[in-house]
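Q: I'd like to ask some things about the structure below.
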Amino acid sequence: MFIKARKCLLTYPVTVIKNPIRKYALPSVTKSSNTEVTYPPILDVSLQARFRRKKEEWHNKIKKLESVEEKLIGINMPHYYGWKSLELNETVIPYNCLDHAQYITRTHVVNEHKLPTFYDNLTTSEQLDIMAQNLKKPMEDVLSFEYCDRIRELETKDMVIRTPEKINPHDIIINNISYQINRIILSTLSSTLPHLLEAEKDFEPRVEAFWFVGGIDPPTITRKARANQEWTKEFENAPIDIPVQYNGSPILQLRHPFPLKEIVSLSDCENSELNVPEFKFDPRVLGYRFSYKHATNIPGFWPGDPAEFGLLSYHNFNHMSLRPKTFDDQFDALIVQAIFASYGWLLSQACYQGFSTVNDITYPFVSQTILTDGQWWSFCVYQLNTTLLHSENAVENPSRNMCWITKPAKLFDSVENGKVHGLNEDVLKNLIKFYINTPEERTSVNMKPFLGESIKYLADIPDPLRRAWLEKTFKHIMANRPRHKKVTEIAHWQKIYLVDHKTRPLDKKHDKWQFGYQPKKRRMDDHLPEYIPRCLRANPKKRHIGRYAKTYYPDA
């Protein structure tokens, strides 16, 4: 054992340690010619390789989480104030942004401007004609009533009370036409199409989606920051990943417990001839903005709803009439709206199946999108084949998402004196085809491969405290309300005199950032837990035990 002696040399105490003699017993090792020595892999220790491994570790943590809600919370864990995300709104479409929309969703647009041949085999032409004739008279009555006979005064006043924004009366007409046409088709065809009886309807649902996109050129401020550091100077122009947050506003959507059948196989979507244009510029050159938002993926309902796959959705493109006439890109803007609406809805559905923007889907998702302004109608079919768009996947991912869209066609020519003139049966038949398309259960595919066996949603968690805490936290994050305490900002005079030129070294430090605090790097769980009064603790006599409530943040 150690022998310690303390001697005082002058006024300084010194500890003297005598090293003992140790004897080791080495096990006998028999050499064998058949023994194979395995060495650990040699890792790349470069900066980019270490950063890549760190991201993969985070992706695997999210993949291992059991429930849908915990995966969605896990994507928000790195940032307390949310991700600085590219804002995409369904009705805000800048000029000449089709290439950008295709690139950040990895979408190939089929240039035939018609529905896939898959829809020609859903039913015979004779049966389709009979359905169209049965719907023609009720459709004319709906159009005549909405355009000529309905009194809008009370309805408009109610809309003004409920929404502070300026109301366009034509938007009310479009919404009502969509509601009535959907009602007529469901009531007429549901007797011969049983899957329509199982469909759930959502009116003006909340549709949001979040994903990462890679391969974007770094902005000037990022390049300058890299150039000023010795270890990042060589990566000055390396591409970056940007978060994207989409907010949609459908008029109406239908959901079903089973998914729609795939249009083309996944192997066919890996064809290199399917063109996806590159757009690596900063999205701000198009007029988009960035803001701090929590990552939200909401397909119009909460996790656990049995009807979890989209059947079809109606969208309003009346905002196209407000575009400047110098923007001669009406159809391209319509394609952009269809791509974002379809991709955002399908991605949020995939997240409810356990997939995410960092864990790719294992089977395709299909949606049917109807875009209308009441008179003009366009039909879009979208197949989601991949959600992996970050880092090098933005270019190297062989899978492409597919989009088929028709040019806008008139449903009718005019409505005069209560009569509809020139009802277009071709548009009506395309509308019927979307309702005829029957979802099917996929028994040969594991629909939720990345979810737990016994716990798939928070409702399945047996611990009531953990279940209630995660439910409250999940709803708070999905609400996307700002934090009660805002991010610490640097004033302009501080940026000039204290950061850039450092001309006031004697000023007293007051702000947190002056002591090295970086609020934008604060994690979601970096906060003081909820305080529990002593009278409510399990052991009130112990002052420091059970002082704060327990948290159940996922390990991500």
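Every chain in the structure tokens has a letter given in the order shown (A, B, ...), and although residue numbers restart at 1 in each chain, ligands are simply numbered from 1 in the order shown.
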Please build the interface table for segment 40-124 of chain A against segment 306-327 of chain A with a cut-off of 12 Å, listing for each qualifying residue the nearest atom pair and the distance in Å to one decimal; count only C-alpha atoms, order rows by chain and increasing number, and write it as CSV.
A:
residue,atom,partner,partner_atom,distance
A:Glu90,CA,A:Phe317,CA,9.2
A:Thr91,CA,A:His319,CA,6.5
A:Val92,CA,A:His319,CA,8.5
A:Ile93,CA,A:Met320,CA,9.1
A:Pro94,CA,A:Arg323,CA,9.3
A:Tyr95,CA,A:Phe327,CA,6.6
A:Asn96,CA,A:Phe327,CA,8.4
A:Cys97,CA,A:Phe327,CA,11.5
Q: Could you produce a table of the residues of segment 159-199 of chain A lying within 12 Å of segment 411-429 of chain A, with the nearest pair of atoms per residue and their separation in Å rounded to one decimal, using only C-alpha atoms, ordered by chain and increasing residue number, as CSV?
A:
residue,atom,partner,partner_atom,distance
A:Ile177,CA,A:Leu411,CA,11.7
A:Ile181,CA,A:Leu428,CA,10.3
A:Asn182,CA,A:Leu428,CA,11.9
A:Ile185,CA,A:Leu428,CA,10.4
Q: So the first atom is atom CA of Leu254 of chain A and the second is atom CA of Pro439 of chain A; what is the distance between them in Å, to one decimal place?
A: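 Between these atoms lies a distance of 11.9 Å.
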Q: Could you produce a table of the residues of segment 211-308 of chain A lying within 12 Å of segment 112-122 of chain A, with the nearest pair of atoms per residue and their separation in Å rounded to one decimal, using only C-alpha atoms, ordered by chain and increasing residue number, as a Markdown table?
A:
| residue | atom | partner | partner_atom | distance |
| --- | --- | --- | --- | --- |
| A:Lys261 | CA | A:Phe118 | CA | 9.9 |
| A:Glu262 | CA | A:Phe118 | CA | 9.4 |
| A:Ile263 | CA | A:Phe118 | CA | 6.6 |
| A:Val264 | CA | A:Phe118 | CA | 9.0 |
Q: For the residues in the current selection, export all heavy atoms as an mmCIF file, in the first residue's frame.
A:
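Contents of the output file result22.cif:
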data_model
loop_
_atom_site.group_PDB
_atom_site.id
_atom_site.type_symbol
_atom_site.label_atom_id
_atom_site.label_comp_id
_atom_site.auth_asym_id
_atom_site.auth_seq_id
_atom_site.Cartn_x
_atom_site.Cartn_y
_atom_site.Cartn_z
ATOM 1 N N LYS A 261 -52.658 2.680 -54.234
ATOM 2 C CA LYS A 261 -51.703 1.817 -54.941
ATOM 3 C C LYS A 261 -50.643 2.663 -55.633
ATOM 4 O O LYS A 261 -50.905 3.779 -56.081
ATOM 5 C CB LYS A 261 -52.444 0.953 -55.968
ATOM 6 C CG LYS A 261 -53.361 -0.081 -55.339
ATOM 7 C CD LYS A 261 -54.217 -0.764 -56.372
ATOM 8 C CE LYS A 261 -55.381 0.121 -56.771
ATOM 9 N NZ LYS A 261 -56.372 -0.579 -57.605
ATOM 10 N N GLU A 262 -49.440 2.111 -55.714
ATOM 11 C CA GLU A 262 -48.345 2.828 -56.369
ATOM 12 C C GLU A 262 -48.603 2.927 -57.870
ATOM 13 O O GLU A 262 -49.193 2.034 -58.492
ATOM 14 C CB GLU A 262 -47.015 2.120 -56.098
ATOM 15 C CG GLU A 262 -46.928 0.714 -56.659
ATOM 16 C CD GLU A 262 -45.592 0.049 -56.377
ATOM 17 O OE1 GLU A 262 -44.941 0.453 -55.405
ATOM 18 O OE2 GLU A 262 -45.214 -0.874 -57.127
ATOM 19 N N ILE A 263 -48.136 4.027 -58.459
ATOM 20 C CA ILE A 263 -48.314 4.250 -59.897
ATOM 21 C C ILE A 263 -47.211 3.544 -60.678
ATOM 22 O O ILE A 263 -47.472 2.850 -61.659
ATOM 23 C CB ILE A 263 -48.313 5.752 -60.207
ATOM 24 C CG1 ILE A 263 -49.364 6.472 -59.328
ATOM 25 C CG2 ILE A 263 -48.608 5.998 -61.677
ATOM 26 C CD1 ILE A 263 -50.771 6.024 -59.536
ATOM 27 N N VAL A 264 -45.968 3.743 -60.250
ATOM 28 C CA VAL A 264 -44.815 3.067 -60.848
ATOM 29 C C VAL A 264 -44.002 2.453 -59.717
ATOM 30 O O VAL A 264 -44.083 2.882 -58.562
ATOM 31 C CB VAL A 264 -43.951 4.045 -61.683
ATOM 32 C CG1 VAL A 264 -44.700 4.530 -62.903
ATOM 33 C CG2 VAL A 264 -43.499 5.227 -60.837
#
Q: Within segment 29-150 of chain A, find each residue whose DSSP state, derived from the backbone, is helix (DSSP H, G or I), and express the selection as an MDAnalysis selection string.
A: chainID A and resid 47:64 68:76 98:105 117:121 125:149
Q: Run DSSP on the backbone and tell me which residues of segment 145-365 of chain A come out as strand (DSSP E or B); list them as number ranges by chain.
A: A: 200-203, 207-216, 240-248, 252-256, 290-293, 298-299, 309-316, 365
Q: From the list A:Leu506, A:Leu334, A:Ala549, A:Leu274, which residue is nearest Trp376 of chain A when using only C-alpha atoms?
A: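 Distance minimum relative to Trp376 of chain A lands on A:Leu334.
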Q: Measure the distance from atom CA of Lys61 of chain A to atom CA of Ile455 of chain A in Å and round it to one decimal.
A: 16.4 Å
Q: Could you build a table of the residues in segment 110-212 of chain A lying no more than 7 Å from segment 339-359 of chain A, giving for each the nearest pair of atoms and their separation in Å rounded to one decimal place, using only C-alpha atoms, ordered by chain and ascending residue number, as a Markdown table?
A:
| residue | atom | partner | partner_atom | distance |
| --- | --- | --- | --- | --- |
| A:Val207 | CA | A:Trp345 | CA | 6.4 |
| A:Glu208 | CA | A:Gly344 | CA | 6.4 |
| A:Ala209 | CA | A:Gly344 | CA | 5.0 |
| A:Trp211 | CA | A:Thr357 | CA | 5.2 |
| A:Phe212 | CA | A:Thr357 | CA | 6.5 |
Q: Pull all heavy atoms from the residues just selected and write them as a PDB file, in the first residue's frame.
A:
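Dumped to result.pdb:
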ATOM      1  N   VAL A 207     -51.928  21.479 -42.470  1.00  0.00           N
ATOM      2  CA  VAL A 207     -50.948  20.589 -43.091  1.00  0.00           C
ATOM      3  C   VAL A 207     -49.585  21.278 -43.038  1.00  0.00           C
ATOM      4  O   VAL A 207     -49.415  22.370 -43.583  1.00  0.00           O
ATOM      5  CB  VAL A 207     -51.327  20.256 -44.546  1.00  0.00           C
ATOM      6  CG1 VAL A 207     -50.243  19.409 -45.202  1.00  0.00           C
ATOM      7  CG2 VAL A 207     -52.663  19.529 -44.593  1.00  0.00           C
ATOM      8  N   GLU A 208     -48.625  20.640 -42.372  1.00  0.00           N
ATOM      9  CA  GLU A 208     -47.276  21.186 -42.250  1.00  0.00           C
ATOM     10  C   GLU A 208     -46.270  20.058 -42.418  1.00  0.00           C
ATOM     11  O   GLU A 208     -46.562  18.901 -42.095  1.00  0.00           O
ATOM     12  CB  GLU A 208     -47.086  21.875 -40.891  1.00  0.00           C
ATOM     13  CG  GLU A 208     -48.026  23.052 -40.670  1.00  0.00           C
ATOM     14  CD  GLU A 208     -47.849  23.702 -39.312  1.00  0.00           C
ATOM     15  OE1 GLU A 208     -46.920  23.289 -38.585  1.00  0.00           O
ATOM     16  OE2 GLU A 208     -48.613  24.619 -38.990  1.00  0.00           O
ATOM     17  N   ALA A 209     -45.091  20.418 -42.917  1.00  0.00           N
ATOM     18  CA  ALA A 209     -44.044  19.423 -43.144  1.00  0.00           C
ATOM     19  C   ALA A 209     -42.688  20.082 -42.962  1.00  0.00           C
ATOM     20  O   ALA A 209     -42.503  21.269 -43.268  1.00  0.00           O
ATOM     21  CB  ALA A 209     -44.154  18.815 -44.542  1.00  0.00           C
ATOM     22  N   TRP A 211     -38.361  19.292 -43.468  1.00  0.00           N
ATOM     23  CA  TRP A 211     -37.313  18.415 -43.994  1.00  0.00           C
ATOM     24  C   TRP A 211     -36.025  19.197 -44.194  1.00  0.00           C
ATOM     25  O   TRP A 211     -36.002  20.421 -44.131  1.00  0.00           O
ATOM     26  CB  TRP A 211     -37.760  17.732 -45.282  1.00  0.00           C
ATOM     27  CG  TRP A 211     -37.921  18.612 -46.494  1.00  0.00           C
ATOM     28  CD1 TRP A 211     -36.998  18.860 -47.462  1.00  0.00           C
ATOM     29  CD2 TRP A 211     -39.096  19.341 -46.899  1.00  0.00           C
ATOM     30  NE1 TRP A 211     -37.505  19.688 -48.439  1.00  0.00           N
ATOM     31  CE2 TRP A 211     -38.793  19.994 -48.118  1.00  0.00           C
ATOM     32  CE3 TRP A 211     -40.360  19.509 -46.349  1.00  0.00           C
ATOM     33  CZ2 TRP A 211     -39.715  20.797 -48.786  1.00  0.00           C
ATOM     34  CZ3 TRP A 211     -41.269  20.308 -47.017  1.00  0.00           C
ATOM     35  CH2 TRP A 211     -40.953  20.932 -48.210  1.00  0.00           C
ATOM     36  N   PHE A 212     -34.931  18.450 -44.413  1.00  0.00           N
ATOM     37  CA  PHE A 212     -33.620  19.038 -44.672  1.00  0.00           C
ATOM     38  C   PHE A 212     -33.274  18.856 -46.146  1.00  0.00           C
ATOM     39  O   PHE A 212     -33.555  17.808 -46.738  1.00  0.00           O
ATOM     40  CB  PHE A 212     -32.529  18.373 -43.823  1.00  0.00           C
ATOM     41  CG  PHE A 212     -32.673  18.607 -42.349  1.00  0.00           C
ATOM     42  CD1 PHE A 212     -33.138  17.603 -41.512  1.00  0.00           C
ATOM     43  CD2 PHE A 212     -32.340  19.823 -41.788  1.00  0.00           C
ATOM     44  CE1 PHE A 212     -33.260  17.809 -40.159  1.00  0.00           C
ATOM     45  CE2 PHE A 212     -32.465  20.046 -40.428  1.00  0.00           C
ATOM     46  CZ  PHE A 212     -32.928  19.034 -39.615  1.00  0.00           C
TER      47      PHE A 212
END
Q: Of the candidates A:Thr503, A:Thr222, A:Asn446, A:Gln383, which one gets nearest to Ser265 of chain A if we count only C-alpha atoms?
A: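 Of A:Thr503, A:Thr222, A:Asn446, A:Gln383, the one nearest Ser265 of chain A, counting only C-alpha atoms, is A:Gln383.
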Q: Mind checking which residues fall within 6 Å of Phe210 of chain A, counting only C-alpha atoms, ignoring those fewer than 2 positions away in the same chain, and posting them as number ranges by chain?
A: A: 244-245, 295-297
Q: At a cut-off of 9 Å, using only C-alpha atoms, what residues contact Ala101 of chain A? Leave out same-chain residues fewer than 2 positions from it and give the result as a list of chain:residue names.
A: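 Contacts, with the query itself left out: A:Cys97, A:Leu98, A:Asp99, A:Tyr103, A:Ile104, A:Thr105, A:Arg106, A:Thr107, A:Phe279, A:Val336, A:Gln337, A:Ile339, A:Phe340.
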Q: So that I have them on file, write out the residues from the current selection with C-alpha atoms, as a PDB file, in the first residue's frame.
A:
ATOM      1  CA  CYS A  97     -39.152  29.099 -58.783  1.00  0.00           C
ATOM      2  CA  LEU A  98     -40.116  25.791 -60.448  1.00  0.00           C
ATOM      3  CA  ASP A  99     -36.513  24.525 -60.621  1.00  0.00           C
ATOM      4  CA  TYR A 103     -34.704  20.443 -56.459  1.00  0.00           C
ATOM      5  CA  ILE A 104     -35.649  20.754 -52.777  1.00  0.00           C
ATOM      6  CA  THR A 105     -38.259  17.972 -53.169  1.00  0.00           C
ATOM      7  CA  ARG A 106     -36.274  15.873 -55.690  1.00  0.00           C
ATOM      8  CA  THR A 107     -39.293  15.764 -58.003  1.00  0.00           C
ATOM      9  CA  PHE A 279     -30.869  24.830 -57.961  1.00  0.00           C
ATOM     10  CA  VAL A 336     -45.001  24.579 -57.746  1.00  0.00           C
ATOM     11  CA  GLN A 337     -48.126  24.730 -55.595  1.00  0.00           C
ATOM     12  CA  ILE A 339     -45.500  19.860 -55.747  1.00  0.00           C
ATOM     13  CA  PHE A 340     -45.308  21.498 -52.331  1.00  0.00           C
TER      14      PHE A 340
END
